[in-house]
Amino acid sequence: MFTLAITKKDLQPETLSNSNPGPPNRSKALLPRRSKEEKRHTTTTVAKQNAPRLWKNPSTFAMEALSSPWYSTMLRLQSTLIHASVDFFNRQMQYRYVVVPMTTGSISSPMGLGSDSQPVSIDLAGTKTYLADSQQFTLEYALRLEDGLPGAYYLGTSCRGEDPDATHLNQFCHVECELLGGLSEGMDVANAYIIALVQEFKRKHALEIESFAGSTKHLDGMLALYRDHGNSFPVITLDDALALPNITRDMWYDAVEGQPQYGRCLSLLGEQMLIEKFGGAVWLTEMDHLSVPFYQAHAKGGEKAHCGDVLLGLGEVVGCGNRHSTAEQVLRALEQHMVDLAEYKWYIDMRRLKKL
């Protein structure tokens, strides 16, 4: 899971690019021409091994996993993911790494309209707090610690107080970053990050991936889709997606059951339809504002959110959105989403003290 957020800077994109020419220009991943060896390799297909699903038997899982090729492969893939992520955000984007706490008093998905998860409340030495679902607010704070900082990021855990299912875990690792710029700059960074990971997985683990997936055609397809769309991925708004002729009622739902005034969301079936329609990956943008968390900036008069999700594979894997620029905008959003502002006073005051 990769959550990418954008803090709006009071500069036009051209001014932002000129005043800080490095990171925005480097966010476009340019794909090199493939060698003959690479082209031959991408056509390779091997016998597919199935995931062992040893976790289904908790009493024997830990010991059996020690001798499982699947789990040793996952260890290597995980290591590559972490090192490639740090390399991308540190070397290519020149973002600062932020060491974040495990707990937070200001959860990013509070109870209220648009909340997409439940918080995990704990008592830590007599203090009521939460296991962090996200530290994006901390990253917003970090951007204000150094003038002109293009971005900040971390790799860490997320805890959600809900039952897991096939596409959502209640504890997992993710990468988050906050950057200066607009939504288009954020989408460029997210696109480039995805491509950097795909290229690194192919370079280091092609044979291992083939042994479990049967081929690397899905990776080749992702690179081709990106290349064919001018070093980007296809984009569709929520309204346009819901207007497609092949959309059916089971492909979307009301964010609050039976109350359409609080916004609409795509179901997993709807996400899968879009992924197939656009060839493997697509940006879904301009969600109904009351269907997403309060911190997403308003668009189109306030009814829409200035945000987007990358849909690929199982569904949403990247979230991206602008943040509110002013304290007044945050106050308005908290009120609209029926969220108690008491624990977000610092988040509001931060904008009054140091506006980005």
# chains A, B, ... in the order shown; residues from 1 in each chain; ligands from 1
>>> residues_around(residues="Cys307 in chain A", least_positions_apart="4", cutoff="8 Å", atoms="only C-alpha atoms", output="PyMOL selection string")
chain A and resi 183+285-287+296-297+319-322
>>> write_last_selection(atoms="C-alpha atoms", output="compact mmCIF listing (two decimals), in the first residue's frame")
# COMPACT_ATOMS: atom_id res chain seq x y z
CA LEU A 183 -2.31 16.84 -7.80
CA THR A 285 -10.11 10.85 -9.60
CA GLU A 286 -12.55 13.48 -8.28
CA MET A 287 -14.40 11.40 -5.71
CA GLN A 296 -8.75 15.97 1.09
CA ALA A 297 -8.94 19.42 -0.52
CA GLY A 319 -4.01 6.96 -2.69
CA CYS A 320 -3.14 10.53 -3.62
CA GLY A 321 -4.69 13.88 -2.77
CA ASN A 322 -4.23 17.59 -2.17
>>> select_by_dssp(residues="range 86-197 of chain A", states="helix (DSSP H, G or I)", output="PyMOL selection string")
chain A and resi 86-92+136-143+183-197
>>> atom_distance(atom1="CA of Lys128 in chain A", atom2="CA of Cys159 in chain A")
15.8 Å
>>> atom_distance(atom1="CA of Gly302 in chain A", atom2="CA of Arg160 in chain A")
28.1 Å
>>> residues_around(residues="Thr103 in chain A", least_positions_apart="6", cutoff="10 Å", atoms="only C-alpha atoms", output="PyMOL selection string")
chain A and resi 120-122+124+129-135+159
>>> closest_atom_pairs(of="range 155-245 of chain A", to="range 89-92 of chain A", cutoff="10 Å", atoms="only C-alpha atoms", output="CSV")
residue,atom,partner,partner_atom,distance
A:Cys177,CA,A:Phe89,CA,8.7
A:Val189,CA,A:Phe89,CA,9.4
A:Tyr193,CA,A:Phe89,CA,8.4
>>> write_last_selection(atoms="C-alpha atoms", output="tab-separated table (two decimals), in the first residue's frame")
chain	number	residue	atom	x	y	z
A	177	CYS	CA	4.99	10.70	1.46
A	189	VAL	CA	5.58	10.91	-8.57
A	193	TYR	CA	7.42	5.15	-8.13
>>> decode(residues="range 124-165 of chain A", atoms="C-alpha atoms", output="PDB file, in the first residue's frame")
ATOM      1  CA  LEU A 124      -0.393   3.415  26.951  1.00  0.00           C
ATOM      2  CA  ALA A 125       0.816   3.953  30.521  1.00  0.00           C
ATOM      3  CA  GLY A 126      -2.476   5.584  31.454  1.00  0.00           C
ATOM      4  CA  THR A 127      -2.764   7.710  28.325  1.00  0.00           C
ATOM      5  CA  LYS A 128      -5.508   7.004  25.805  1.00  0.00           C
ATOM      6  CA  THR A 129      -4.075   7.070  22.304  1.00  0.00           C
ATOM      7  CA  TYR A 130      -4.283   5.212  18.984  1.00  0.00           C
ATOM      8  CA  LEU A 131      -2.084   2.854  17.034  1.00  0.00           C
ATOM      9  CA  ALA A 132      -1.305   4.867  13.926  1.00  0.00           C
ATOM     10  CA  ASP A 133      -3.286   4.100  10.798  1.00  0.00           C
ATOM     11  CA  SER A 134      -1.231   6.746   9.002  1.00  0.00           C
ATOM     12  CA  GLN A 135       1.393   9.352   9.828  1.00  0.00           C
ATOM     13  CA  GLN A 136       0.572  11.676   6.943  1.00  0.00           C
ATOM     14  CA  PHE A 137      -0.218  14.493   9.381  1.00  0.00           C
ATOM     15  CA  THR A 138       3.278  14.092  10.836  1.00  0.00           C
ATOM     16  CA  LEU A 139       4.694  14.352   7.317  1.00  0.00           C
ATOM     17  CA  GLU A 140       2.735  17.566   6.743  1.00  0.00           C
ATOM     18  CA  TYR A 141       4.327  18.916   9.913  1.00  0.00           C
ATOM     19  CA  ALA A 142       7.781  17.781   8.744  1.00  0.00           C
ATOM     20  CA  LEU A 143       7.430  19.730   5.490  1.00  0.00           C
ATOM     21  CA  ARG A 144       7.277  22.893   7.575  1.00  0.00           C
ATOM     22  CA  LEU A 145      10.482  22.140   9.475  1.00  0.00           C
ATOM     23  CA  GLU A 146      12.713  22.953   6.500  1.00  0.00           C
ATOM     24  CA  ASP A 147      11.941  25.751   4.064  1.00  0.00           C
ATOM     25  CA  GLY A 148      11.808  24.605   0.455  1.00  0.00           C
ATOM     26  CA  LEU A 149      11.763  20.910   1.339  1.00  0.00           C
ATOM     27  CA  PRO A 150      10.329  19.143  -1.748  1.00  0.00           C
ATOM     28  CA  GLY A 151       8.951  16.175   0.173  1.00  0.00           C
ATOM     29  CA  ALA A 152       9.060  13.898   3.206  1.00  0.00           C
ATOM     30  CA  TYR A 153       8.405  10.160   3.479  1.00  0.00           C
ATOM     31  CA  TYR A 154       8.562   7.092   5.686  1.00  0.00           C
ATOM     32  CA  LEU A 155       7.994   3.350   5.553  1.00  0.00           C
ATOM     33  CA  GLY A 156       5.964   1.977   8.425  1.00  0.00           C
ATOM     34  CA  THR A 157       2.986   0.066   9.749  1.00  0.00           C
ATOM     35  CA  SER A 158      -0.725   0.796   9.660  1.00  0.00           C
ATOM     36  CA  CYS A 159      -3.262  -0.621  12.118  1.00  0.00           C
ATOM     37  CA  ARG A 160      -7.010  -0.658  11.475  1.00  0.00           C
ATOM     38  CA  GLY A 161      -9.717  -1.738  13.913  1.00  0.00           C
ATOM     39  CA  GLU A 162     -11.682  -3.949  11.552  1.00  0.00           C
ATOM     40  CA  ASP A 163     -11.795  -7.506  10.290  1.00  0.00           C
ATOM     41  CA  PRO A 164      -9.462  -8.280   7.368  1.00  0.00           C
ATOM     42  CA  ASP A 165     -10.739  -9.510   4.031  1.00  0.00           C
TER      43      ASP A 165
END
